[in-house]
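See structure below.
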Amino acid sequence: MDQLPELVPFLLEPKTEIKLLALQHLLGVSDSQEARDILKPTQIVNNCIKLITDPSHVVVRHALTILINLCQDGDMLNDIVKKNIVPRLVDGTTDTKNKMSEVFAMLLSNVTHTKEGCLSLMQCGKELEAFFIMKLVQVLTMDSNQEDYLKSTKNNWIVNIILNVTQIQEGRKIVLDKENQIFKEILPLIRHENVIKRRGIIGIIRNCCYSEQHHEYLISSDVDVLTKLCLPIRGNDKLDDDDMVGLHVDLHNSSLPVGNERDQDRECRKMVIESLIFLTGTKKGRVAMRTSKIYPILRNLFNFETEEELRENVEKVVELIIRDEEGDPTPEEIEQQNKKQKLEDEDAQFETDEI
């Protein structure tokens with residue numbers, strides 16, 4: 001282990017075979033914290049970043065994989081983020097001819113595990129604001145007209161990247177911007193067959209529902225997030241005619257595909273209910289939920305769930321939408337709402353979800 005630092009300079013050797021030998025040795029140990037501690041004072045981060053544009057695909061893959069492993073160390077992750085690596089990772093991820101696009105995306109996902117990485121991706125307040133994230137969304141949704149769009153497992157890491165950035169206020173603002181329509185474009189993926197991608201999309205929706213200042217946009221007829229959220233929890237229960245009065249046609253008995261099932265993934269159902277709980281945080285959200293007549297969907301979900309935690313969360317939503325509103329808010333309530341909004345804008349401690 002003590003000799004590891006001696007290998008780092010060989011990463012920049014002109015001869016490919018020498019670079020590969022050094023890379024192979026370093027790759028074999030880079031998953032170890034002991035090795036990372038020894039390598040931390042060296043130029044391994046700088047040298048590996050230089051190698052991601054190497055002509056040899058093998059060299060590039062090894063360099064990217066080492067960087068991914070180094071991201072497990074917080075100090076080294078922060079060092080990687082500071083190297084302005086995001087533009088190169090976005091290019092590698094969105095290059096449809098790049099056979100290693102998934103590896104580039106994996107490293108970009110790790111980089112956006114930090115708030116600084118997310119801000120670098122979003123380019124907030126700069127000339128290229130939203131440009132990188134829109135490139136990622138374009139690749140994610142480019143096959144939306146294909147029959148297998150809701151089956152393909154490609155680009156799962158891009159979903160994870162968007163999930164990461166929606167955990168900060170700046171990220172939610174860009175994803176929910178009406179002009180770029182990022183949120184609307186990815187919303188159909190809530191019906192994806194792949195549970196990893198589906199978890200990521202529902203996680204993005206949940207994060208966006210946390211932003212109360214965007215509730216009006218989310219519940220608008222243009223987005224109709226309430227109907228989209230009810231699709232995974234609808235199940236194949238036959239609703240009475242009375243239950244379907246006022247319910248969106250997509251949730252009617254006749255609109256359900258053959259063999260329609262309630263989402264079998266507990267985490268997906270949990271995040272759907274959490275999204276609905278966030279939407280009850282504003283009067284407009286609660287009114288929209290009453291108008292949408294989604295109570296029968298929630299009632300049947302409550303009967304379906306067996307875990308007490310999930311049942312309690314469903315019950316919480318029902319209680320909030322069936323109770324009478326108490327009129328216009330008082331000045332004190334408005335002040336409390338403003339304080340809550342201020343806290344949201346400042347963001348809580350940054351944490352990322354895994355899908």
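Residue numbers start at 1 in each chain; chains themselves are named A, B, ... in the order of the structure tokens; ligands are numbered from 1 in the order shown.
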Can you tell me, as a PDB file with C-alpha atoms, in the first residue's frame, what residues are no more than 12 Å from A:Glu309 when counting only C-alpha atoms, ignoring any on the same chain fewer than 2 positions away?
ATOM      1  CA  ARG A 266     -43.634  -0.412  -1.369  1.00  0.00           C
ATOM      2  CA  GLU A 267     -41.193   2.474  -1.777  1.00  0.00           C
ATOM      3  CA  ARG A 269     -46.386   3.736  -3.031  1.00  0.00           C
ATOM      4  CA  LYS A 270     -44.829   5.362   0.039  1.00  0.00           C
ATOM      5  CA  ILE A 273     -48.480   9.256  -0.500  1.00  0.00           C
ATOM      6  CA  GLU A 274     -45.676  11.530   0.727  1.00  0.00           C
ATOM      7  CA  PHE A 302     -55.899   2.151   2.599  1.00  0.00           C
ATOM      8  CA  GLU A 305     -51.975  -1.635   2.613  1.00  0.00           C
ATOM      9  CA  THR A 306     -51.009  -3.902   5.491  1.00  0.00           C
ATOM     10  CA  GLU A 307     -48.193  -1.837   7.046  1.00  0.00           C
ATOM     11  CA  ARG A 311     -51.988   3.152   6.319  1.00  0.00           C
ATOM     12  CA  GLU A 312     -51.438   6.062   8.704  1.00  0.00           C
ATOM     13  CA  ASN A 313     -50.008   8.205   5.900  1.00  0.00           C
ATOM     14  CA  VAL A 314     -52.996   7.473   3.663  1.00  0.00           C
ATOM     15  CA  GLU A 315     -55.327   8.277   6.535  1.00  0.00           C
ATOM     16  CA  LYS A 316     -53.482  11.563   7.086  1.00  0.00           C
TER      17      LYS A 316
END
Near stretch 143-156 of chain A, 12 Å: stretch 172-258 of chain A residue rows, closest pairs, only C-alpha atoms, as a Markdown table:
| residue | atom | partner | partner_atom | distance |
| --- | --- | --- | --- | --- |
| A:Glu185 | CA | A:Ser144 | CA | 9.2 |
| A:Ile186 | CA | A:Ser144 | CA | 9.6 |
| A:Leu187 | CA | A:Ser144 | CA | 11.4 |
| A:Pro188 | CA | A:Leu150 | CA | 8.6 |
| A:Leu189 | CA | A:Leu150 | CA | 6.6 |
| A:Ile190 | CA | A:Leu150 | CA | 8.9 |
| A:Arg191 | CA | A:Leu150 | CA | 6.8 |
| A:His192 | CA | A:Leu150 | CA | 4.4 |
| A:Glu193 | CA | A:Lys151 | CA | 5.3 |
| A:Asn194 | CA | A:Lys151 | CA | 6.3 |
| A:Val195 | CA | A:Thr153 | CA | 9.6 |
| A:Ile196 | CA | A:Asn156 | CA | 7.1 |
| A:Lys197 | CA | A:Asn156 | CA | 5.6 |
| A:Arg198 | CA | A:Asn156 | CA | 9.4 |
| A:Arg199 | CA | A:Asn156 | CA | 10.3 |
| A:Gly200 | CA | A:Asn156 | CA | 8.3 |
| A:Ile201 | CA | A:Asn156 | CA | 10.0 |
Using all heavy atoms, can you export the residues from the last selection as a tab-separated table (two decimals), in the first residue's frame?
chain	number	residue	atom	x	y	z
A	185	GLU	N	-42.08	16.77	-19.26
A	185	GLU	CA	-41.50	15.79	-20.18
A	185	GLU	C	-41.19	14.47	-19.49
A	185	GLU	O	-41.31	13.40	-20.11
A	185	GLU	CB	-40.24	16.36	-20.83
A	185	GLU	CG	-40.52	17.44	-21.87
A	185	GLU	CD	-39.28	17.80	-22.67
A	185	GLU	OE1	-38.40	16.93	-22.82
A	185	GLU	OE2	-39.18	18.95	-23.13
A	186	ILE	N	-40.76	14.52	-18.23
A	186	ILE	CA	-40.38	13.28	-17.55
A	186	ILE	C	-41.55	12.64	-16.80
A	186	ILE	O	-41.47	11.49	-16.40
A	186	ILE	CB	-39.21	13.51	-16.57
A	186	ILE	CG1	-39.62	14.44	-15.43
A	186	ILE	CG2	-38.00	14.06	-17.31
A	186	ILE	CD1	-38.53	14.61	-14.37
A	187	LEU	N	-42.65	13.37	-16.64
A	187	LEU	CA	-43.78	12.89	-15.85
A	187	LEU	C	-44.35	11.56	-16.34
A	187	LEU	O	-44.70	10.69	-15.52
A	187	LEU	CB	-44.87	13.96	-15.81
A	187	LEU	CG	-45.91	13.88	-14.69
A	187	LEU	CD1	-45.26	13.74	-13.33
A	187	LEU	CD2	-46.82	15.11	-14.75
A	188	PRO	N	-44.47	11.32	-17.66
A	188	PRO	CA	-45.02	10.03	-18.12
A	188	PRO	C	-44.23	8.80	-17.65
A	188	PRO	O	-44.76	7.69	-17.63
A	188	PRO	CB	-44.97	10.16	-19.64
A	188	PRO	CG	-45.04	11.63	-19.90
A	188	PRO	CD	-44.26	12.25	-18.79
A	189	LEU	N	-42.96	9.00	-17.27
A	189	LEU	CA	-42.13	7.88	-16.83
A	189	LEU	C	-42.59	7.31	-15.49
A	189	LEU	O	-42.05	6.29	-15.03
A	189	LEU	CB	-40.66	8.30	-16.74
A	189	LEU	CG	-39.98	8.57	-18.10
A	189	LEU	CD1	-38.64	9.25	-17.90
A	189	LEU	CD2	-39.79	7.27	-18.87
A	190	ILE	N	-43.58	7.92	-14.87
A	190	ILE	CA	-44.13	7.38	-13.63
A	190	ILE	C	-44.78	6.01	-13.87
A	190	ILE	O	-44.97	5.23	-12.94
A	190	ILE	CB	-45.17	8.36	-13.02
A	190	ILE	CG1	-45.46	8.00	-11.56
A	190	ILE	CG2	-46.45	8.38	-13.85
A	190	ILE	CD1	-46.32	9.02	-10.83
A	191	ARG	N	-45.07	5.70	-15.14
A	191	ARG	CA	-45.67	4.41	-15.49
A	191	ARG	C	-44.63	3.43	-16.04
A	191	ARG	O	-44.99	2.39	-16.60
A	191	ARG	CB	-46.77	4.63	-16.54
A	191	ARG	CG	-47.92	5.48	-16.06
A	191	ARG	CD	-48.69	4.82	-14.94
A	191	ARG	NE	-49.60	3.79	-15.44
A	191	ARG	CZ	-50.19	2.89	-14.69
A	191	ARG	NH1	-49.94	2.85	-13.40
A	191	ARG	NH2	-51.00	1.99	-15.21
A	192	HIS	N	-43.36	3.73	-15.86
A	192	HIS	CA	-42.30	2.87	-16.41
A	192	HIS	C	-42.31	1.50	-15.73
A	192	HIS	O	-42.58	1.38	-14.54
A	192	HIS	CB	-40.93	3.53	-16.22
A	192	HIS	CG	-39.90	3.05	-17.18
A	192	HIS	ND1	-39.24	1.84	-17.04
A	192	HIS	CD2	-39.43	3.61	-18.33
A	192	HIS	CE1	-38.39	1.69	-18.04
A	192	HIS	NE2	-38.48	2.74	-18.83
A	193	GLU	N	-42.01	0.48	-16.51
A	193	GLU	CA	-42.02	-0.89	-15.98
A	193	GLU	C	-40.82	-1.17	-15.08
A	193	GLU	O	-40.90	-2.03	-14.20
A	193	GLU	CB	-42.06	-1.91	-17.13
A	193	GLU	CG	-43.37	-1.92	-17.89
A	193	GLU	CD	-43.40	-3.02	-18.94
A	193	GLU	OE1	-42.46	-3.86	-18.96
A	193	GLU	OE2	-44.36	-3.05	-19.74
A	194	ASN	N	-39.73	-0.46	-15.30
A	194	ASN	CA	-38.52	-0.68	-14.51
A	194	ASN	C	-38.64	0.03	-13.17
A	194	ASN	O	-38.81	1.24	-13.11
A	194	ASN	CB	-37.30	-0.16	-15.28
A	194	ASN	CG	-36.01	-0.37	-14.51
A	194	ASN	OD1	-35.54	0.53	-13.83
A	194	ASN	ND2	-35.43	-1.55	-14.61
A	195	VAL	N	-38.56	-0.73	-12.09
A	195	VAL	CA	-38.81	-0.17	-10.76
A	195	VAL	C	-37.76	0.86	-10.36
A	195	VAL	O	-38.08	1.84	-9.65
A	195	VAL	CB	-38.91	-1.29	-9.70
A	195	VAL	CG1	-37.56	-1.99	-9.50
A	195	VAL	CG2	-39.42	-0.75	-8.37
A	196	ILE	N	-36.52	0.70	-10.82
A	196	ILE	CA	-35.48	1.67	-10.48
A	196	ILE	C	-35.80	3.03	-11.08
A	196	ILE	O	-35.74	4.06	-10.40
A	196	ILE	CB	-34.10	1.17	-10.97
A	196	ILE	CG1	-33.70	-0.12	-10.24
A	196	ILE	CG2	-33.04	2.25	-10.77
A	196	ILE	CD1	-32.42	-0.74	-10.72
A	197	LYS	N	-36.18	3.04	-12.35
A	197	LYS	CA	-36.52	4.30	-13.00
A	197	LYS	C	-37.80	4.87	-12.41
A	197	LYS	O	-37.92	6.09	-12.21
A	197	LYS	CB	-36.66	4.08	-14.51
A	197	LYS	CG	-36.80	5.37	-15.30
A	197	LYS	CD	-36.64	5.10	-16.80
A	197	LYS	CE	-35.22	4.78	-17.19
A	197	LYS	NZ	-35.02	4.60	-18.64
A	198	ARG	N	-38.75	4.02	-12.11
A	198	ARG	CA	-40.03	4.47	-11.54
A	198	ARG	C	-39.83	5.10	-10.17
A	198	ARG	O	-40.40	6.15	-9.85
A	198	ARG	CB	-40.99	3.29	-11.46
A	198	ARG	CG	-42.45	3.69	-11.37
A	198	ARG	CD	-43.37	2.51	-11.65
A	198	ARG	NE	-43.27	1.45	-10.67
A	198	ARG	CZ	-42.76	0.23	-10.91
A	198	ARG	NH1	-42.29	-0.06	-12.11
A	198	ARG	NH2	-42.73	-0.69	-9.97
A	199	ARG	N	-39.01	4.47	-9.34
A	199	ARG	CA	-38.70	5.05	-8.02
A	199	ARG	C	-38.08	6.44	-8.18
A	199	ARG	O	-38.40	7.36	-7.43
A	199	ARG	CB	-37.72	4.15	-7.26
A	199	ARG	CG	-38.34	2.99	-6.54
A	199	ARG	CD	-37.28	2.30	-5.69
A	199	ARG	NE	-37.77	1.08	-5.08
A	199	ARG	CZ	-37.04	0.31	-4.29
A	199	ARG	NH1	-35.78	0.64	-4.03
A	199	ARG	NH2	-37.54	-0.78	-3.76
A	200	GLY	N	-37.16	6.55	-9.11
A	200	GLY	CA	-36.50	7.83	-9.32
A	200	GLY	C	-37.47	8.92	-9.73
A	200	GLY	O	-37.43	10.03	-9.21
A	201	ILE	N	-38.36	8.61	-10.67
A	201	ILE	CA	-39.33	9.60	-11.16
A	201	ILE	C	-40.28	10.01	-10.04
A	201	ILE	O	-40.56	11.20	-9.85
A	201	ILE	CB	-40.11	9.04	-12.36
A	201	ILE	CG1	-39.17	8.85	-13.57
A	201	ILE	CG2	-41.27	9.97	-12.73
A	201	ILE	CD1	-38.54	10.12	-14.09
Handout entry: Those of stretch 10-115 of chain A in DSSP helix (DSSP H, G or I), formatted as a PyMOL selection string
Key = chain A and resi 10-12+16-29+33-39+44-51+57-70+74-81+86-94+101-111+115
Handout entry: Closest of A:Gln24, A:Asn84, A:Gln181, A:Ser220 to A:Leu121 - atom-to-atom distances counting only C-alpha atoms
Key = A:Asn84
Exercise for the section: Show which residues sit within 12 Å of A:Asn78, as a VMD selection string. Count only C-alpha atoms, and ignore same-chain residues fewer than 6 positions away. Expected result: chain A and resid 40 45 67 70 to 72 84 to 85 110 to 117
